[in-house]
$ cat entry-v1.pdb   # PDB, C-alpha atoms, pLDDT in the B column
MODEL        1
ATOM      1  CA  MET A   1      12.293 229.641  26.510  1.00 88.00           C
ATOM      2  CA  ILE A   2      15.759 231.185  26.240  1.00 95.00           C
ATOM      3  CA  ALA A   3      14.366 234.268  24.513  1.00 96.00           C
ATOM      4  CA  GLU A   4      11.833 234.756  27.301  1.00 97.00           C
ATOM      5  CA  ILE A   5      14.551 234.337  29.939  1.00 97.00           C
ATOM      6  CA  ALA A   6      16.694 236.925  28.130  1.00 96.00           C
ATOM      7  CA  VAL A   7      13.843 239.456  28.192  1.00 96.00           C
ATOM      8  CA  ARG A   8      13.280 238.922  31.908  1.00 96.00           C
ATOM      9  CA  LEU A   9      16.995 239.238  32.626  1.00 96.00           C
ATOM     10  CA  ALA A  10      17.159 242.501  30.671  1.00 94.00           C
ATOM     11  CA  THR A  11      14.285 243.844  32.778  1.00 96.00           C
ATOM     12  CA  VAL A  12      16.126 242.887  35.956  1.00 95.00           C
ATOM     13  CA  HIS A  13      19.407 244.355  34.752  1.00 92.00           C
ATOM     14  CA  GLU A  14      17.832 247.646  33.711  1.00 93.00           C
ATOM     15  CA  SER A  15      15.763 248.089  36.874  1.00 95.00           C
ATOM     16  CA  PRO A  16      16.455 251.466  38.524  1.00 94.00           C
ATOM     17  CA  GLY A  17      16.674 249.815  41.957  1.00 95.00           C
ATOM     18  CA  TRP A  18      18.015 246.573  43.356  1.00 96.00           C
ATOM     19  CA  THR A  19      15.707 243.711  42.449  1.00 97.00           C
ATOM     20  CA  VAL A  20      15.420 239.923  42.271  1.00 97.00           C
ATOM     21  CA  THR A  21      13.328 237.665  40.053  1.00 97.00           C
ATOM     22  CA  ARG A  22      12.648 233.927  40.216  1.00 98.00           C
ATOM     23  CA  PHE A  23      12.680 231.550  37.226  1.00 98.00           C
ATOM     24  CA  ASP A  24      11.804 228.106  38.602  1.00 96.00           C
ATOM     25  CA  GLN A  25       8.272 226.923  39.361  1.00 93.00           C
ATOM     26  CA  GLY A  26       8.931 225.776  42.914  1.00 93.00           C
ATOM     27  CA  ALA A  27       6.794 226.442  45.969  1.00 93.00           C
ATOM     28  CA  PRO A  28       6.795 229.951  47.475  1.00 95.00           C
ATOM     29  CA  PHE A  29       9.667 230.689  49.819  1.00 96.00           C
ATOM     30  CA  THR A  30       9.011 230.019  53.485  1.00 93.00           C
ATOM     31  CA  GLY A  31      11.285 229.517  56.444  1.00 96.00           C
ATOM     32  CA  ARG A  32      14.962 230.222  55.840  1.00 97.00           C
ATOM     33  CA  VAL A  33      16.534 229.904  52.383  1.00 98.00           C
ATOM     34  CA  ALA A  34      20.293 229.590  51.804  1.00 98.00           C
ATOM     35  CA  VAL A  35      21.269 231.552  48.687  1.00 98.00           C
ATOM     36  CA  LEU A  36      24.387 230.870  46.621  1.00 97.00           C
ATOM     37  CA  SER A  37      25.114 233.980  44.581  1.00 95.00           C
ATOM     38  CA  SER A  38      27.503 233.461  41.672  1.00 92.00           C
ATOM     39  CA  ALA A  39      28.132 233.944  37.960  1.00 92.00           C
ATOM     40  CA  PHE A  40      27.506 230.200  37.284  1.00 95.00           C
ATOM     41  CA  ASN A  41      29.666 230.242  34.164  1.00 94.00           C
ATOM     42  CA  PRO A  42      28.924 227.281  34.190  1.00 96.00           C
ATOM     43  CA  PRO A  43      27.450 225.708  37.358  1.00 96.00           C
ATOM     44  CA  THR A  44      29.829 223.015  38.695  1.00 95.00           C
ATOM     45  CA  HIS A  45      29.874 220.177  41.196  1.00 93.00           C
ATOM     46  CA  ALA A  46      31.410 222.708  43.591  1.00 91.00           C
ATOM     47  CA  HIS A  47      28.257 224.831  43.400  1.00 94.00           C
ATOM     48  CA  VAL A  48      26.100 221.753  44.022  1.00 94.00           C
ATOM     49  CA  SER A  49      28.245 220.739  46.992  1.00 93.00           C
ATOM     50  CA  LEU A  50      27.963 224.235  48.454  1.00 94.00           C
ATOM     51  CA  LEU A  51      24.168 224.103  48.168  1.00 95.00           C
ATOM     52  CA  GLU A  52      24.033 220.628  49.716  1.00 94.00           C
ATOM     53  CA  LEU A  53      26.272 221.748  52.571  1.00 95.00           C
ATOM     54  CA  ALA A  54      24.114 224.824  53.168  1.00 96.00           C
ATOM     55  CA  ALA A  55      20.960 222.692  53.201  1.00 96.00           C
ATOM     56  CA  SER A  56      22.385 220.777  56.188  1.00 95.00           C
ATOM     57  CA  VAL A  57      22.854 223.920  58.317  1.00 97.00           C
ATOM     58  CA  GLU A  58      20.473 224.252  61.235  1.00 96.00           C
ATOM     59  CA  GLY A  59      17.446 226.386  60.402  1.00 96.00           C
ATOM     60  CA  VAL A  60      17.826 226.208  56.612  1.00 97.00           C
ATOM     61  CA  THR A  61      14.655 224.962  54.915  1.00 95.00           C
ATOM     62  CA  GLY A  62      15.580 225.415  51.244  1.00 95.00           C
ATOM     63  CA  VAL A  63      18.340 226.482  48.858  1.00 97.00           C
ATOM     64  CA  ALA A  64      18.544 228.844  45.895  1.00 98.00           C
ATOM     65  CA  ALA A  65      21.098 229.643  43.204  1.00 98.00           C
ATOM     66  CA  MET A  66      21.146 233.341  42.328  1.00 97.00           C
ATOM     67  CA  LEU A  67      22.735 234.607  39.115  1.00 96.00           C
ATOM     68  CA  THR A  68      24.076 238.144  39.301  1.00 90.00           C
ATOM     69  CA  THR A  69      23.798 240.275  36.168  1.00 88.00           C
ATOM     70  CA  ASN A  70      26.475 242.584  37.605  1.00 83.00           C
ATOM     71  CA  ASN A  71      29.739 241.612  39.292  1.00 71.00           C
ATOM     72  CA  VAL A  72      31.974 243.767  41.474  1.00 56.00           C
ATOM     73  CA  ASP A  73      35.172 242.384  39.909  1.00 55.00           C
ATOM     74  CA  LYS A  74      34.377 240.702  36.573  1.00 57.00           C
ATOM     75  CA  SER A  75      33.053 241.703  33.163  1.00 60.00           C
ATOM     76  CA  LEU A  76      30.651 239.475  31.230  1.00 72.00           C
ATOM     77  CA  PHE A  77      32.233 236.664  29.214  1.00 83.00           C
ATOM     78  CA  GLY A  78      31.530 233.017  28.466  1.00 88.00           C
ATOM     79  CA  ALA A  79      27.945 231.799  28.251  1.00 93.00           C
ATOM     80  CA  PRO A  80      25.114 234.335  27.794  1.00 94.00           C
ATOM     81  CA  LEU A  81      23.244 235.014  31.016  1.00 95.00           C
ATOM     82  CA  SER A  82      20.070 233.472  29.594  1.00 97.00           C
ATOM     83  CA  HIS A  83      21.863 230.156  29.103  1.00 97.00           C
ATOM     84  CA  ARG A  84      23.306 230.328  32.612  1.00 97.00           C
ATOM     85  CA  VAL A  85      19.732 230.468  33.890  1.00 98.00           C
ATOM     86  CA  GLY A  86      18.920 227.584  31.534  1.00 98.00           C
ATOM     87  CA  MET A  87      21.784 225.534  33.001  1.00 97.00           C
ATOM     88  CA  LEU A  88      20.581 226.284  36.541  1.00 97.00           C
ATOM     89  CA  LEU A  89      17.032 225.246  35.662  1.00 97.00           C
ATOM     90  CA  ALA A  90      18.340 221.989  34.189  1.00 97.00           C
ATOM     91  CA  LEU A  91      20.391 221.453  37.349  1.00 96.00           C
ATOM     92  CA  GLY A  92      17.416 222.195  39.600  1.00 94.00           C
ATOM     93  CA  GLU A  93      15.232 219.681  37.776  1.00 93.00           C
ATOM     94  CA  ALA A  94      17.876 216.987  38.275  1.00 92.00           C
ATOM     95  CA  GLU A  95      18.622 217.667  41.939  1.00 86.00           C
ATOM     96  CA  PRO A  96      16.598 215.850  44.624  1.00 81.00           C
ATOM     97  CA  GLY A  97      14.489 218.444  46.381  1.00 81.00           C
ATOM     98  CA  GLY A  98      15.132 220.985  43.637  1.00 86.00           C
ATOM     99  CA  VAL A  99      17.032 224.270  43.598  1.00 95.00           C
ATOM    100  CA  ALA A 100      15.300 227.640  43.307  1.00 97.00           C
ATOM    101  CA  VAL A 101      16.743 229.779  40.487  1.00 98.00           C
ATOM    102  CA  LEU A 102      16.983 233.533  40.986  1.00 98.00           C
ATOM    103  CA  ALA A 103      18.616 236.488  39.263  1.00 98.00           C
ATOM    104  CA  SER A 104      19.504 239.896  40.659  1.00 97.00           C
ATOM    105  CA  ASN A 105      21.035 243.084  39.319  1.00 95.00           C
ATOM    106  CA  ALA A 106      22.852 243.671  42.627  1.00 95.00           C
ATOM    107  CA  ALA A 107      26.525 242.722  42.754  1.00 90.00           C
ATOM    108  CA  ARG A 108      27.055 243.065  46.513  1.00 91.00           C
ATOM    109  CA  PHE A 109      25.529 240.699  49.074  1.00 92.00           C
ATOM    110  CA  VAL A 110      24.295 243.658  51.094  1.00 94.00           C
ATOM    111  CA  ASP A 111      22.239 244.934  48.149  1.00 95.00           C
ATOM    112  CA  GLN A 112      21.012 241.465  47.196  1.00 96.00           C
ATOM    113  CA  ALA A 113      19.907 241.039  50.810  1.00 97.00           C
ATOM    114  CA  GLU A 114      17.835 244.217  50.760  1.00 96.00           C
ATOM    115  CA  ALA A 115      16.157 243.188  47.494  1.00 97.00           C
ATOM    116  CA  LEU A 116      15.328 239.730  48.862  1.00 97.00           C
ATOM    117  CA  ARG A 117      13.822 241.193  52.052  1.00 97.00           C
ATOM    118  CA  VAL A 118      11.577 243.514  50.042  1.00 96.00           C
ATOM    119  CA  ILE A 119      10.441 241.034  47.377  1.00 96.00           C
ATOM    120  CA  TYR A 120      10.079 237.956  49.615  1.00 97.00           C
ATOM    121  CA  PRO A 121       9.074 239.336  53.033  1.00 96.00           C
ATOM    122  CA  GLY A 122       7.642 235.998  54.149  1.00 92.00           C
ATOM    123  CA  ALA A 123      11.036 234.249  54.252  1.00 97.00           C
ATOM    124  CA  GLY A 124      14.481 234.663  55.753  1.00 97.00           C
ATOM    125  CA  PHE A 125      17.695 234.361  53.762  1.00 98.00           C
ATOM    126  CA  ASP A 126      21.248 233.274  54.450  1.00 98.00           C
ATOM    127  CA  PHE A 127      24.134 233.544  51.994  1.00 98.00           C
ATOM    128  CA  VAL A 128      26.581 230.814  50.992  1.00 97.00           C
ATOM    129  CA  ALA A 129      30.135 231.907  50.249  1.00 92.00           C
ATOM    130  CA  GLY A 130      33.603 230.509  49.637  1.00 89.00           C
ATOM    131  CA  PHE A 131      36.615 232.027  51.334  1.00 90.00           C
ATOM    132  CA  ASP A 132      37.431 234.390  48.444  1.00 89.00           C
ATOM    133  CA  THR A 133      33.940 235.871  48.592  1.00 90.00           C
ATOM    134  CA  LEU A 134      34.127 236.220  52.381  1.00 94.00           C
ATOM    135  CA  VAL A 135      37.291 238.296  52.012  1.00 94.00           C
ATOM    136  CA  ARG A 136      35.553 240.591  49.498  1.00 93.00           C
ATOM    137  CA  ILE A 137      32.593 241.086  51.833  1.00 95.00           C
ATOM    138  CA  PHE A 138      34.936 242.615  54.402  1.00 96.00           C
ATOM    139  CA  ASP A 139      36.973 244.664  51.912  1.00 95.00           C
ATOM    140  CA  ARG A 140      36.475 248.337  52.812  1.00 94.00           C
ATOM    141  CA  ARG A 141      36.932 249.552  49.240  1.00 94.00           C
ATOM    142  CA  TYR A 142      33.422 248.305  48.398  1.00 93.00           C
ATOM    143  CA  TYR A 143      31.719 250.497  51.022  1.00 94.00           C
ATOM    144  CA  ASP A 144      31.353 254.106  52.101  1.00 94.00           C
ATOM    145  CA  ASP A 145      30.380 253.096  55.659  1.00 96.00           C
ATOM    146  CA  ILE A 146      31.237 249.430  56.148  1.00 96.00           C
ATOM    147  CA  GLU A 147      30.169 249.215  59.800  1.00 96.00           C
ATOM    148  CA  THR A 148      26.649 250.486  59.133  1.00 96.00           C
ATOM    149  CA  VAL A 149      26.158 248.382  56.020  1.00 96.00           C
ATOM    150  CA  LEU A 150      27.468 245.139  57.519  1.00 97.00           C
ATOM    151  CA  GLY A 151      25.560 245.767  60.719  1.00 96.00           C
ATOM    152  CA  ARG A 152      22.348 245.828  58.691  1.00 95.00           C
ATOM    153  CA  LEU A 153      23.364 242.698  56.774  1.00 96.00           C
ATOM    154  CA  PHE A 154      24.062 240.632  59.889  1.00 97.00           C
ATOM    155  CA  GLU A 155      20.953 241.908  61.627  1.00 96.00           C
ATOM    156  CA  HIS A 156      18.852 239.896  59.174  1.00 96.00           C
ATOM    157  CA  HIS A 157      21.122 237.316  57.541  1.00 97.00           C
ATOM    158  CA  ARG A 158      23.779 234.699  58.233  1.00 98.00           C
ATOM    159  CA  LEU A 159      26.806 233.761  56.126  1.00 98.00           C
ATOM    160  CA  ILE A 160      27.543 230.078  55.561  1.00 98.00           C
ATOM    161  CA  VAL A 161      31.232 230.035  54.644  1.00 96.00           C
ATOM    162  CA  THR A 162      33.468 227.229  53.367  1.00 93.00           C
ATOM    163  CA  ASN A 163      37.053 226.571  52.390  1.00 90.00           C
ATOM    164  CA  ARG A 164      37.992 227.130  48.764  1.00 81.00           C
ATOM    165  CA  ALA A 165      40.924 225.767  46.719  1.00 74.00           C
ATOM    166  CA  GLN A 166      44.110 226.476  48.735  1.00 78.00           C
ATOM    167  CA  ALA A 167      42.279 228.195  51.606  1.00 85.00           C
ATOM    168  CA  THR A 168      41.646 225.530  54.264  1.00 90.00           C
ATOM    169  CA  VAL A 169      38.804 225.603  56.752  1.00 92.00           C
ATOM    170  CA  ASP A 170      41.381 226.602  59.385  1.00 94.00           C
ATOM    171  CA  ALA A 171      42.336 229.610  57.267  1.00 94.00           C
ATOM    172  CA  VAL A 172      38.655 230.561  57.048  1.00 95.00           C
ATOM    173  CA  ALA A 173      38.257 230.297  60.832  1.00 95.00           C
ATOM    174  CA  ALA A 174      41.405 232.373  61.360  1.00 96.00           C
ATOM    175  CA  PHE A 175      40.046 235.109  59.086  1.00 97.00           C
ATOM    176  CA  VAL A 176      36.746 235.144  60.973  1.00 97.00           C
ATOM    177  CA  ASP A 177      38.762 235.626  64.177  1.00 97.00           C
ATOM    178  CA  THR A 178      40.493 238.793  62.929  1.00 97.00           C
ATOM    179  CA  PRO A 179      39.554 242.113  64.613  1.00 96.00           C
ATOM    180  CA  ALA A 180      37.709 243.449  61.551  1.00 95.00           C
ATOM    181  CA  VAL A 181      35.491 240.369  61.246  1.00 97.00           C
ATOM    182  CA  GLN A 182      35.071 239.265  64.860  1.00 97.00           C
ATOM    183  CA  PRO A 183      32.199 241.703  65.643  1.00 97.00           C
ATOM    184  CA  TYR A 184      30.107 239.817  63.043  1.00 97.00           C
ATOM    185  CA  ALA A 185      31.295 236.284  63.884  1.00 97.00           C
ATOM    186  CA  HIS A 186      27.968 235.475  65.561  1.00 97.00           C
ATOM    187  CA  GLY A 187      26.404 235.508  62.081  1.00 97.00           C
ATOM    188  CA  ILE A 188      29.120 233.498  60.290  1.00 98.00           C
ATOM    189  CA  ILE A 189      28.825 229.710  60.121  1.00 97.00           C
ATOM    190  CA  VAL A 190      32.001 227.947  58.970  1.00 96.00           C
ATOM    191  CA  ARG A 191      31.626 224.548  57.310  1.00 95.00           C
ATOM    192  CA  GLU A 192      34.195 222.330  55.609  1.00 92.00           C
ATOM    193  CA  LEU A 193      33.743 221.366  51.976  1.00 88.00           C
ATOM    194  CA  ASP A 194      35.404 218.162  50.765  1.00 87.00           C
ATOM    195  CA  ASP A 195      38.711 218.739  48.994  1.00 80.00           C
ATOM    196  CA  HIS A 196      37.565 217.580  45.557  1.00 76.00           C
ATOM    197  CA  PRO A 197      34.578 219.918  45.054  1.00 78.00           C
ATOM    198  CA  ALA A 198      36.509 222.724  46.762  1.00 73.00           C
ATOM    199  CA  SER A 199      39.180 222.416  44.063  1.00 79.00           C
ATOM    200  CA  LEU A 200      36.775 222.597  41.103  1.00 78.00           C
ATOM    201  CA  SER A 201      36.203 225.791  39.146  1.00 86.00           C
ATOM    202  CA  SER A 202      34.102 227.120  36.290  1.00 91.00           C
ATOM    203  CA  THR A 203      37.356 228.028  34.526  1.00 91.00           C
ATOM    204  CA  GLN A 204      38.289 224.338  34.368  1.00 90.00           C
ATOM    205  CA  ALA A 205      34.857 223.501  32.980  1.00 92.00           C
ATOM    206  CA  ARG A 206      35.099 226.146  30.248  1.00 94.00           C
ATOM    207  CA  GLU A 207      38.549 224.903  29.216  1.00 92.00           C
ATOM    208  CA  HIS A 208      37.267 221.345  28.782  1.00 91.00           C
ATOM    209  CA  ALA A 209      34.279 222.541  26.752  1.00 91.00           C
ATOM    210  CA  GLU A 210      36.538 224.649  24.524  1.00 90.00           C
ATOM    211  CA  ARG A 211      38.398 221.426  23.675  1.00 91.00           C
ATOM    212  CA  GLY A 212      35.094 219.792  22.727  1.00 90.00           C
ATOM    213  CA  GLU A 213      34.947 217.689  25.904  1.00 87.00           C
ATOM    214  CA  VAL A 214      32.021 217.407  28.302  1.00 84.00           C
ATOM    215  CA  PRO A 215      33.486 219.045  31.421  1.00 90.00           C
ATOM    216  CA  PRO A 216      33.952 216.589  34.324  1.00 92.00           C
ATOM    217  CA  ALA A 217      33.607 219.509  36.742  1.00 92.00           C
ATOM    218  CA  VAL A 218      29.896 219.948  35.942  1.00 95.00           C
ATOM    219  CA  PRO A 219      26.895 217.771  36.863  1.00 95.00           C
ATOM    220  CA  PRO A 220      25.509 215.564  34.053  1.00 96.00           C
ATOM    221  CA  ALA A 221      22.446 217.765  33.507  1.00 96.00           C
ATOM    222  CA  VAL A 222      24.675 220.815  33.015  1.00 96.00           C
ATOM    223  CA  GLY A 223      27.091 218.925  30.771  1.00 95.00           C
ATOM    224  CA  ALA A 224      24.203 217.782  28.574  1.00 95.00           C
ATOM    225  CA  TYR A 225      22.891 221.356  28.380  1.00 96.00           C
ATOM    226  CA  ILE A 226      26.328 222.699  27.372  1.00 95.00           C
ATOM    227  CA  ALA A 227      26.658 220.097  24.616  1.00 93.00           C
ATOM    228  CA  ARG A 228      23.094 220.572  23.369  1.00 94.00           C
ATOM    229  CA  HIS A 229      23.424 224.363  23.059  1.00 94.00           C
ATOM    230  CA  GLY A 230      27.037 224.483  21.910  1.00 93.00           C
ATOM    231  CA  LEU A 231      28.231 226.628  24.812  1.00 95.00           C
ATOM    232  CA  TYR A 232      31.911 227.476  25.328  1.00 93.00           C
ATOM    233  CA  GLY A 233      32.794 226.236  21.856  1.00 85.00           C
ATOM    234  CA  MET A 234      31.257 222.754  22.007  1.00 74.00           C
ATOM    235  CA  GLY A 235      29.233 221.502  19.055  1.00 61.00           C
ATOM    236  CA  GLY A 236      25.441 221.897  19.198  1.00 53.00           C
ATOM    237  CA  ASP A 237      22.710 224.471  18.810  1.00 53.00           C
ATOM    238  CA  SER A 238      23.799 227.727  20.511  1.00 45.00           C
ATOM    239  CA  ARG A 239      20.429 229.412  20.100  1.00 46.00           C
TER     240      ARG A 239
ENDMDL
END
$ encode --input "entry-v1.pdb" --output "structure tokens"
Amino acid sequence: MIAEIAVRLATVHESPGWTVTRFDQGAPFTGRVAVLSSAFNPPTHAHVSLLELAASVEGVTGVAAMLTTNNVDKSLFGAPLSHRVGMLLALGEAEPGGVAVLASNAARFVDQAEALRVIYPGAGFDFVAGFDTLVRIFDRRYYDDIETVLGRLFEHHRLIVTNRAQATVDAVAAFVDTPAVQPYAHGIIVRELDDHPASLSSTQAREHAERGEVPPAVPPAVGAYIARHGLYGMGGDSR
């Protein structure tokens, strides 16, 4: 299965245009899907909590985890992308209601959004983001014409934004109220994530695995997958 996933990911990554592919066997997308786009290196309880929080937002009918094969700020390290999809599939099978598993070659939300609209025209999509990601979305260095690009994004999509680590929900709300962000505030939904999941990180999980410990920051299905495949230095079969 991992070899097949790797081939599909390579096809996505090498696509000449922005694209998205789906790996789970869930029902076709309908209604409005909340998408959490991340590196999932590995998926943690924080990711699960973000998806659960997004599922409770008015109008949301389903949730999806989307792995990005490119990242605006990070190079590839840690688990191979194929195993990150494998971890997400294991997580989705264990979660009540399931989690759709996607991958895209687009690093920016605005490009992921365009790909989703083209490939899944029968559904609407919102994006789930922590505070650090929200700040990047409004960073002008990532755009040639930020007003036009963000105008198109918020015409079709909402952002579901939460606190993260030291950034409280009040800090998130204050950022949304700044002059640069306020014109788009109608499309930004701020929700508070409990302190414990908000403090968890994939870095913590990798450090535990490197010491040969099942990371407490990850759900049991992900921890079992990491141990079974020997990811991040744990014993097991890394194939």
$ resolve_selection --input "entry-v1.pdb" --expression "the PyMOL selection byres ((chain A and resi 18-35) around 6)" --output "list in words"
Gly17, Leu36, Val60, Thr61, Gly62, Val63, Ala64, Ala65, Ala100, Val101, Leu102, Ala103, Ser104, Ala106, Ala115, Ala123, Gly124, Phe125, Asp126, Phe127 and Val128 of chain A
$ atom_distance --input "entry-v1.pdb" --atom1 "CA of Gly98 (chain A)" --atom2 "CA of Gly86 (chain A)"
14.3 Å
$ resolve_selection --input "entry-v1.pdb" --expression "the PyMOL selection byres ((chain A and resi 2) around 9)" --output "VMD selection string"
chain A and resid 1 3 to 7 82 to 83 85 to 86 239
$ atom_distance --input "entry-v1.pdb" --atom1 "CA of His186 (chain A)" --atom2 "CA of Asn71 (chain A)"
27.0 Å
$ resolve_selection --input "entry-v1.pdb" --expression "the PyMOL selection byres ((chain A and resi 210-220) around 9)" --output "ChimeraX atom specification"
/A:42-46,48,91,94,197,200-202,204-209,221-227,231-235
$ residues_around --input "entry-v1.pdb" --residues "Gln166 (chain A)" --least-positions-apart "4" --cutoff "10 Å" --atoms "all atoms listed in the file" --output "list in words"
Phe131, Ala171, Asp195, Ala198 and Ser199 of chain A
$ closest_residue --input "entry-v1.pdb" --among "A:His196, A:Arg108, A:Arg164, A:Arg141" --to "Ser38 (chain A)" --atoms "all atoms listed in the file"
A:Arg108
$ atom_distance --input "entry-v1.pdb" --atom1 "CA of Tyr120 (chain A)" --atom2 "CA of Pro183 (chain A)"
27.6 Å
$ axis_aligned_box --input "entry-v1.pdb" --around "region 136-148 of chain A" --padding-each-side "3 Å" --output "JSON"
{"center_x": 31.8, "center_y": 247.3, "center_z": 54.1, "size_x": 16.3, "size_y": 19.5, "size_z": 17.4}
$ closest_residue --input "entry-v1.pdb" --among "A:Pro80, A:Tyr142, A:Ile160, A:Thr69" --to "Ser56 (chain A)" --atoms "only C-alpha atoms"
A:Ile160
$ closest_residue --input "entry-v1.pdb" --among "A:Gly97, A:Phe175, A:Phe40, A:Phe138" --to "Met66 (chain A)" --atoms "all atoms listed in the file"
A:Phe40
$ residues_near_point --input "entry-v1.pdb" --point "(26.5, 243.1, 45.7)" --cutoff "9 Å" --atoms "only C-alpha atoms" --output "JSON list (two decimals) with C-alpha atoms, keeping the file's coordinate frame"
[["chain", "number", "residue", "atom", "x", "y", "z"],
["A", 68, "THR", "CA", 24.08, 238.14, 39.30],
["A", 70, "ASN", "CA", 26.48, 242.58, 37.60],
["A", 71, "ASN", "CA", 29.74, 241.61, 39.29],
["A", 72, "VAL", "CA", 31.97, 243.77, 41.47],
["A", 105, "ASN", "CA", 21.04, 243.08, 39.32],
["A", 106, "ALA", "CA", 22.85, 243.67, 42.63],
["A", 107, "ALA", "CA", 26.52, 242.72, 42.75],
["A", 108, "ARG", "CA", 27.06, 243.06, 46.51],
["A", 109, "PHE", "CA", 25.53, 240.70, 49.07],
["A", 110, "VAL", "CA", 24.30, 243.66, 51.09],
["A", 111, "ASP", "CA", 22.24, 244.93, 48.15],
["A", 112, "GLN", "CA", 21.01, 241.46, 47.20],
["A", 113, "ALA", "CA", 19.91, 241.04, 50.81],
["A", 137, "ILE", "CA", 32.59, 241.09, 51.83]]
$ build_atoms --input "entry-v1.pdb" --residues "region 139-145 of chain A" --atoms "all heavy atoms" --output "compact mmCIF listing (two decimals), in the frame of the given file"
# COMPACT_ATOMS: atom_id res chain seq x y z
N ASP A 139 36.03 243.75 52.55
CA ASP A 139 36.97 244.66 51.91
C ASP A 139 36.38 246.08 51.93
O ASP A 139 35.36 246.34 51.28
CB ASP A 139 37.25 244.21 50.48
CG ASP A 139 38.40 244.96 49.84
OD1 ASP A 139 38.65 246.12 50.22
OD2 ASP A 139 39.04 244.38 48.94
N ARG A 140 37.02 246.99 52.63
CA ARG A 140 36.48 248.34 52.81
C ARG A 140 36.32 249.12 51.51
O ARG A 140 35.52 250.07 51.46
CB ARG A 140 37.36 249.13 53.78
CG ARG A 140 37.24 248.67 55.22
CD ARG A 140 38.07 249.52 56.17
NE ARG A 140 37.79 249.14 57.55
CZ ARG A 140 36.82 249.66 58.28
NH1 ARG A 140 36.04 250.61 57.77
NH2 ARG A 140 36.62 249.26 59.52
N ARG A 141 37.03 248.76 50.48
CA ARG A 141 36.93 249.55 49.24
C ARG A 141 35.57 249.45 48.58
O ARG A 141 35.23 250.23 47.69
CB ARG A 141 38.01 249.13 48.26
CG ARG A 141 37.91 247.72 47.75
CD ARG A 141 39.06 247.38 46.83
NE ARG A 141 39.13 245.95 46.57
CZ ARG A 141 39.51 245.45 45.40
NH1 ARG A 141 39.80 246.26 44.41
NH2 ARG A 141 39.59 244.15 45.24
N TYR A 142 34.75 248.47 48.99
CA TYR A 142 33.42 248.30 48.40
C TYR A 142 32.33 249.08 49.15
O TYR A 142 31.16 248.97 48.81
CB TYR A 142 33.05 246.82 48.35
CG TYR A 142 33.96 245.99 47.47
CD1 TYR A 142 34.63 244.89 47.98
CD2 TYR A 142 34.16 246.33 46.13
CE1 TYR A 142 35.47 244.12 47.17
CE2 TYR A 142 35.00 245.58 45.32
CZ TYR A 142 35.66 244.47 45.85
OH TYR A 142 36.48 243.73 45.05
N TYR A 143 32.71 249.83 50.18
CA TYR A 143 31.72 250.50 51.02
C TYR A 143 32.13 251.94 51.34
O TYR A 143 33.32 252.24 51.43
CB TYR A 143 31.56 249.76 52.36
CG TYR A 143 31.29 248.29 52.25
CD1 TYR A 143 32.34 247.36 52.26
CD2 TYR A 143 30.00 247.80 52.12
CE1 TYR A 143 32.11 246.00 52.16
CE2 TYR A 143 29.75 246.43 52.03
CZ TYR A 143 30.82 245.54 52.04
OH TYR A 143 30.58 244.19 51.95
N ASP A 144 31.12 252.77 51.55
CA ASP A 144 31.35 254.11 52.10
C ASP A 144 31.35 254.07 53.63
O ASP A 144 32.10 254.79 54.27
CB ASP A 144 30.28 255.09 51.61
CG ASP A 144 30.37 255.34 50.11
OD1 ASP A 144 31.50 255.33 49.59
OD2 ASP A 144 29.32 255.50 49.48
N ASP A 145 30.49 253.23 54.20
CA ASP A 145 30.38 253.10 55.66
C ASP A 145 30.20 251.62 55.97
O ASP A 145 29.08 251.13 56.14
CB ASP A 145 29.19 253.92 56.16
CG ASP A 145 29.04 253.87 57.67
OD1 ASP A 145 29.79 253.12 58.33
OD2 ASP A 145 28.17 254.59 58.20
